[in-house]
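Printed here is start.txt (compact mmCIF, C-alpha atoms):
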# COMPACT_ATOMS: atom_id res chain seq x y z
CA MET K 1 128.75 112.49 2.50
CA ASN K 2 131.55 110.72 0.66
CA PRO K 3 132.71 111.86 -2.82
CA GLN K 4 131.27 108.76 -4.52
CA THR K 5 127.77 109.48 -3.22
CA LEU K 6 128.11 113.11 -4.29
CA LEU K 7 129.20 112.02 -7.76
CA LEU K 8 126.21 109.67 -7.98
CA ILE K 9 123.81 112.47 -6.99
CA PHE K 10 125.47 114.78 -9.52
CA ARG K 11 125.04 112.16 -12.28
CA GLY K 12 121.39 111.71 -11.31
CA VAL K 13 120.73 115.44 -11.48
CA GLU K 14 122.60 115.62 -14.81
CA LEU K 15 120.45 112.79 -16.23
CA LEU K 16 117.22 114.44 -15.09
CA ALA K 17 118.32 117.75 -16.60
CA THR K 18 118.96 116.02 -19.93
CA LEU K 19 115.89 113.84 -20.05
CA GLY K 20 113.41 116.16 -18.35
CA PRO K 21 112.94 118.56 -21.31
CA LEU K 22 112.77 115.61 -23.73
CA ALA K 23 110.08 114.00 -21.59
CA LEU K 24 108.15 117.27 -21.48
CA ALA K 25 108.33 117.54 -25.27
CA GLU K 26 107.11 113.94 -25.66
CA ALA K 27 104.26 114.57 -23.22
CA ALA K 28 103.26 117.70 -25.13
CA LYS K 29 103.24 115.78 -28.42
CA ILE K 30 101.02 113.03 -26.97
CA ARG K 31 98.69 115.61 -25.39
CA ASP K 32 98.38 117.48 -28.70
CA LEU K 33 97.46 114.27 -30.47
CA LEU K 34 94.81 113.47 -27.85
CA GLN K 35 93.34 116.95 -27.74
CA ALA K 36 93.69 118.03 -31.38
CA PRO K 37 91.09 120.83 -31.53
CA GLY K 38 88.47 120.43 -34.22
CA SER K 39 89.99 117.15 -35.41
CA ASP K 40 88.31 116.02 -38.60
CA ILE K 41 86.32 112.91 -37.75
CA THR K 42 85.73 112.08 -41.41
CA ALA K 43 89.45 112.06 -42.10
CA GLU K 44 90.04 109.94 -38.99
CA LEU K 45 87.35 107.51 -40.12
CA LYS K 46 89.03 107.19 -43.50
CA VAL K 47 92.37 106.42 -41.86
CA ILE K 48 90.75 103.74 -39.67
CA LYS K 49 88.97 102.17 -42.67
CA ASN K 50 92.10 102.20 -44.85
CA GLY K 51 94.17 100.66 -42.05
CA ALA K 52 91.59 97.92 -41.53
CA LEU K 53 91.40 97.24 -45.25
CA ALA K 54 95.19 96.97 -45.47
CA ALA K 55 95.28 94.54 -42.51
CA ALA K 56 92.54 92.37 -44.07
CA ASP K 57 94.38 92.33 -47.42
CA GLU K 58 97.65 91.41 -45.71
CA THR K 59 95.92 88.54 -43.92
CA LEU K 60 94.49 87.22 -47.19
CA ALA K 61 97.90 87.55 -48.85
CA MET K 62 99.55 85.62 -45.98
CA ILE K 63 96.97 82.84 -46.33
CA ALA K 64 97.39 82.68 -50.11
CA ALA K 65 101.19 82.48 -49.73
CA TRP K 66 100.91 79.64 -47.20
CA GLN K 67 98.44 77.76 -49.40
CA ALA K 68 100.75 78.15 -52.41
CA GLU K 69 103.67 76.92 -50.31
CA GLN K 70 101.65 73.85 -49.35
CA GLY K 71 100.49 73.27 -52.93
CA LEU K 72 96.85 73.80 -51.95
CA MET B 1 121.96 100.48 -26.36
CA TYR B 2 122.33 103.79 -24.53
CA SER B 3 119.85 105.53 -26.84
CA ARG B 4 117.34 102.71 -26.27
CA VAL B 5 117.64 103.10 -22.52
CA ALA B 6 117.37 106.87 -22.88
CA ARG B 7 114.21 106.50 -25.02
CA LEU B 8 112.70 104.19 -22.40
CA LEU B 9 113.54 106.67 -19.67
CA VAL B 10 112.02 109.51 -21.72
CA ALA B 11 108.87 107.48 -22.22
CA ALA B 12 108.77 106.55 -18.54
CA LEU B 13 109.07 110.22 -17.60
CA ALA B 14 106.59 111.37 -20.28
CA VAL B 15 103.69 109.28 -19.01
CA PRO B 16 103.55 110.69 -15.45
CA ILE B 17 104.11 114.20 -16.81
CA LEU B 18 101.25 113.73 -19.27
CA VAL B 19 99.00 112.33 -16.56
CA SER B 20 99.82 115.16 -14.17
CA GLN B 21 99.25 117.79 -16.89
CA THR B 22 95.96 116.22 -17.94
CA ALA B 23 94.88 116.09 -14.32
CA CYS B 24 95.73 119.75 -13.77
CA VAL B 25 94.37 121.27 -16.99
CA LYS B 26 90.79 120.26 -17.68
CA THR B 27 90.37 120.98 -21.38
CA PRO B 28 86.89 120.34 -22.74
CA SER B 29 86.73 118.10 -25.82
CA THR B 30 86.50 120.30 -28.89
CA GLY B 31 86.18 117.56 -31.52
CA PRO B 32 82.89 116.51 -33.10
CA PRO B 33 80.95 113.66 -31.44
CA VAL B 34 81.91 110.12 -32.42
CA THR B 35 79.34 108.61 -34.79
CA ALA B 36 77.93 105.06 -34.76
CA GLU B 37 79.69 104.43 -38.08
CA TYR B 38 82.97 105.47 -36.47
CA ARG B 39 82.45 102.95 -33.66
CA VAL B 40 81.73 100.16 -36.17
CA ALA B 41 84.86 101.05 -38.19
CA GLN B 42 86.93 101.04 -34.99
CA ALA B 43 85.53 97.63 -34.00
CA VAL B 44 86.31 96.24 -37.47
CA ALA B 45 89.84 97.69 -37.29
CA VAL B 46 90.52 95.93 -33.98
CA LEU B 47 88.96 92.72 -35.31
CA VAL B 48 91.17 92.61 -38.43
CA GLU B 49 94.32 93.23 -36.37
CA ALA B 50 93.50 90.34 -34.01
CA ASN B 51 92.62 88.19 -37.02
CA ARG B 52 95.94 88.96 -38.68
CA THR B 53 97.73 87.97 -35.46
CA ALA B 54 95.80 84.69 -35.30
CA THR B 55 96.73 83.99 -38.93
CA GLU B 56 100.40 84.74 -38.30
CA ALA B 57 100.37 82.53 -35.19
CA ALA B 58 98.82 79.59 -37.06
CA ILE B 59 101.30 79.85 -39.96
CA SER B 60 104.28 80.20 -37.59
CA LEU B 61 103.20 77.20 -35.53
CA ASN B 62 102.70 75.16 -38.69
CA ARG B 63 106.21 76.06 -39.86
CA ALA B 64 107.52 75.05 -36.44
CA SER B 65 105.71 71.68 -36.83
CA VAL B 66 103.46 72.40 -33.85
CA LEU B 67 100.29 72.55 -35.96
CA ASP B 68 99.61 69.99 -38.67
CA ARG B 69 98.69 71.01 -42.19
CA GLY B 70 94.99 70.06 -41.90
CA THR B 71 94.40 71.99 -38.67
CA THR B 72 96.32 74.99 -40.02
CA ALA B 73 94.21 74.94 -43.19
CA GLU B 74 91.02 74.88 -41.05
CA ILE B 75 92.22 77.82 -38.95
CA LEU B 76 93.15 79.78 -42.08
CA ASN B 77 89.75 79.02 -43.61
CA TYR B 78 88.20 80.74 -40.63
CA THR B 79 90.61 83.71 -40.48
CA GLY B 80 90.30 84.09 -44.27
CA ALA B 81 86.51 84.23 -43.90
CA VAL B 82 86.88 86.86 -41.17
CA ALA B 83 89.17 88.97 -43.39
CA ARG B 84 86.76 88.75 -46.35
CA SER B 85 83.76 89.60 -44.14
CA ALA B 86 85.64 92.56 -42.68
CA LYS B 87 86.37 93.79 -46.20
CA ALA B 88 82.70 93.40 -47.09
CA VAL B 89 81.70 95.40 -43.99
CA LEU B 90 84.20 98.15 -44.87
CA ALA B 91 82.82 98.32 -48.42
CA VAL B 92 79.26 98.66 -47.08
CA LEU B 93 80.40 101.32 -44.60
CA ASP B 94 81.91 103.26 -47.49
CA ASP B 95 78.83 103.27 -49.75
CA GLY B 96 77.54 106.64 -48.56
CA ARG B 97 74.20 105.45 -47.14
CA PRO B 98 73.39 106.14 -43.48
CA LEU B 99 74.20 103.31 -41.06
CA GLU B 100 70.50 102.75 -40.25
CA GLU B 101 69.92 101.58 -43.83
CA LYS B 102 72.71 99.04 -43.84
CA ARG B 103 72.77 97.50 -40.38
CA ALA B 104 71.18 94.28 -41.66
CA GLU B 105 73.77 93.92 -44.45
CA ILE B 106 76.65 94.40 -42.03
CA ARG B 107 75.14 91.95 -39.54
CA ALA B 108 74.66 89.39 -42.33
CA ALA B 109 78.32 89.70 -43.36
CA LEU B 110 79.44 88.90 -39.80
CA ALA B 111 76.73 86.58 -38.49
CA THR B 112 77.98 83.41 -40.19
CA LEU B 113 81.47 83.69 -38.71
CA SER B 114 82.01 81.07 -36.05
CA ASN B 115 85.01 79.06 -34.92
CA ALA B 116 83.12 77.05 -32.31
CA GLY B 117 83.60 73.78 -34.24
CA LEU B 118 87.31 74.40 -34.54
CA LEU B 119 87.70 75.09 -30.82
CA GLN B 120 85.50 72.15 -29.77
CA LYS B 121 87.74 69.71 -31.67
CA GLY B 122 90.40 70.33 -29.01
CA GLY B 123 94.12 69.68 -29.23
CA LEU B 124 94.97 73.21 -30.31
CA PRO B 125 97.92 74.98 -28.67
CA PRO B 126 96.76 77.45 -25.97
CA ALA B 127 98.11 80.42 -27.97
CA VAL B 128 95.92 79.51 -30.94
CA VAL B 129 92.88 78.95 -28.71
CA THR B 130 93.42 82.39 -27.16
CA ALA B 131 93.90 84.05 -30.56
CA LEU B 132 90.81 82.41 -32.06
CA THR B 133 88.68 83.13 -28.99
CA THR B 134 89.76 86.78 -29.15
CA VAL B 135 88.83 87.01 -32.83
CA GLN B 136 85.38 85.50 -32.19
CA LEU B 137 84.80 87.84 -29.23
CA LEU B 138 85.73 90.78 -31.46
CA VAL B 139 83.28 89.58 -34.14
CA GLU B 140 80.59 89.69 -31.44
CA GLU B 141 81.84 93.09 -30.26
CA THR B 142 81.57 94.40 -33.83
CA LEU B 143 78.00 93.06 -34.06
CA ARG B 144 77.21 94.91 -30.82
CA ALA B 145 78.68 98.12 -32.28
CA VAL B 146 76.47 97.70 -35.39
CA GLY B 147 73.42 97.46 -33.17
CA PRO B 148 70.13 95.62 -33.73

Encoding of this model in structure tokens:
Amino acid sequence: MNPQTLLLIFRGVELLATLGPLALAEAAKIRDLLQAPGSDITAELKVIKNGALAAADETLAMIAAWQAEQGL
Amino acid sequence: MYSRVARLLVAALAVPILVSQTACVKTPSTGPPVTAEYRVAQAVAVLVEANRTATEAAISLNRASVLDRGTTAEILNYTGAVARSAKAVLAVLDDGRPLEEKRAEIRAALATLSNAGLLQKGGLPPAVVTALTTVQLLVEETLRAVGP
């Protein structure tokens, strides 16, 4: 094996060693979000409703701004 | 640039790790069951997001002189009606009564929404047709979530 190939393998191993733990931490975070024990469905529902309300209000604001721009 | 690539690599590594962990450890769901009201709220949330995208697309295409003022106004009339109906549905969902007592009200708020006339006129850019079709399908999906 030539030195360049060895260096490439070394870099690959180094990259995996750096990113591996980060990836594990990310995976754990996502898993915790998906499997949050006893997650409060009422609170979740409120978040969904508030998000939807905000999106509907933003849409109406965008329309009003366009209409004002057009002099309608 | 490097940090962006690193983040992508982390994400790319995280997904298979998550999948493999989920596959190995079978954890029973501990959360409470999802209610019918929750499903309706979720459907409305998806609907308003798609509707906002359709609105943004119409306004952008008008500014780029792809859509004329009249057609844009028609599209925004429809997306405005969808946004107002969604707000009405959210207000009804929030009034504290059980869903069984308010299904008819929710259905009434959504039933009049239709963009069939707009789509039948033709001449709309494919992106707008797709966006409007998606919104109408999501209106129907929300009606299905509400139930009869």

Check: Within 9 Å of region 48-62 of chain K, counting only C-alpha atoms, which residues qualify if same-chain residues fewer than 2 places away don't, as a PyMOL selection string?
Finding: (chain K and resi 43-46+64-67) or (chain B and resi 38+41-42+44-49+51-53+55-56+59+79-80+82-84+86-87+90+93-94)

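CA of Ile41 (chain K) sits 7.5 Å away from CA of Val34 (chain B).
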
Checklist line | d(CA of Ser65 (chain B), CA of Thr133 (chain B)) in Å | finding: 22.0 Å

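CA of Ala54 (chain B) lies 8.6 Å from CA of Ile75 (chain B).
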
Notebook entry, point to check: Looking at all atoms listed in the file, which of B:Ala36, B:Ala116, B:Ala43, B:Arg69 is the one that sits closest to Gln70 (chain K)?
Noted result: B:Arg69

Find the axis-aligned box for region 65-68 of chain B, covering all its listed atoms and adding 5 Å on each side, and write its centre and edge lengths in Å to one decimal as AutoDock Vina command-line options.
--center_x 102.7 --center_y 71.3 --center_z -36.3 --size_x 16.1 --size_y 12.6 --size_z 14.8

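Closest approach to chain K among B:Ala73, B:Leu61, B:Val66, B:Val129 is made by B:Ala73 (distances from all atoms listed in the file).
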
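Distances to chain K were evaluated for B:Thr134, B:Ser114, B:Thr71, B:Asn62 using all atoms listed in the file, and the minimum falls at B:Asn62.
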
Checklist line | Sphere at (71.4, 95.1, -31.4), radius 12 Å, counting all atoms listed in the file: residues as a list in words | finding: Glu100, Arg103, Ala104, Ile106, Arg107, Glu140, Glu141, Thr142, Leu143, Arg144, Ala145, Val146, Gly147 and Pro148 of chain B

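Each of B:Val92, B:Asp68, B:Ser60, B:Leu76 was compared to chain K using all atoms listed in the file, and B:Leu76 turns out to be the nearest.
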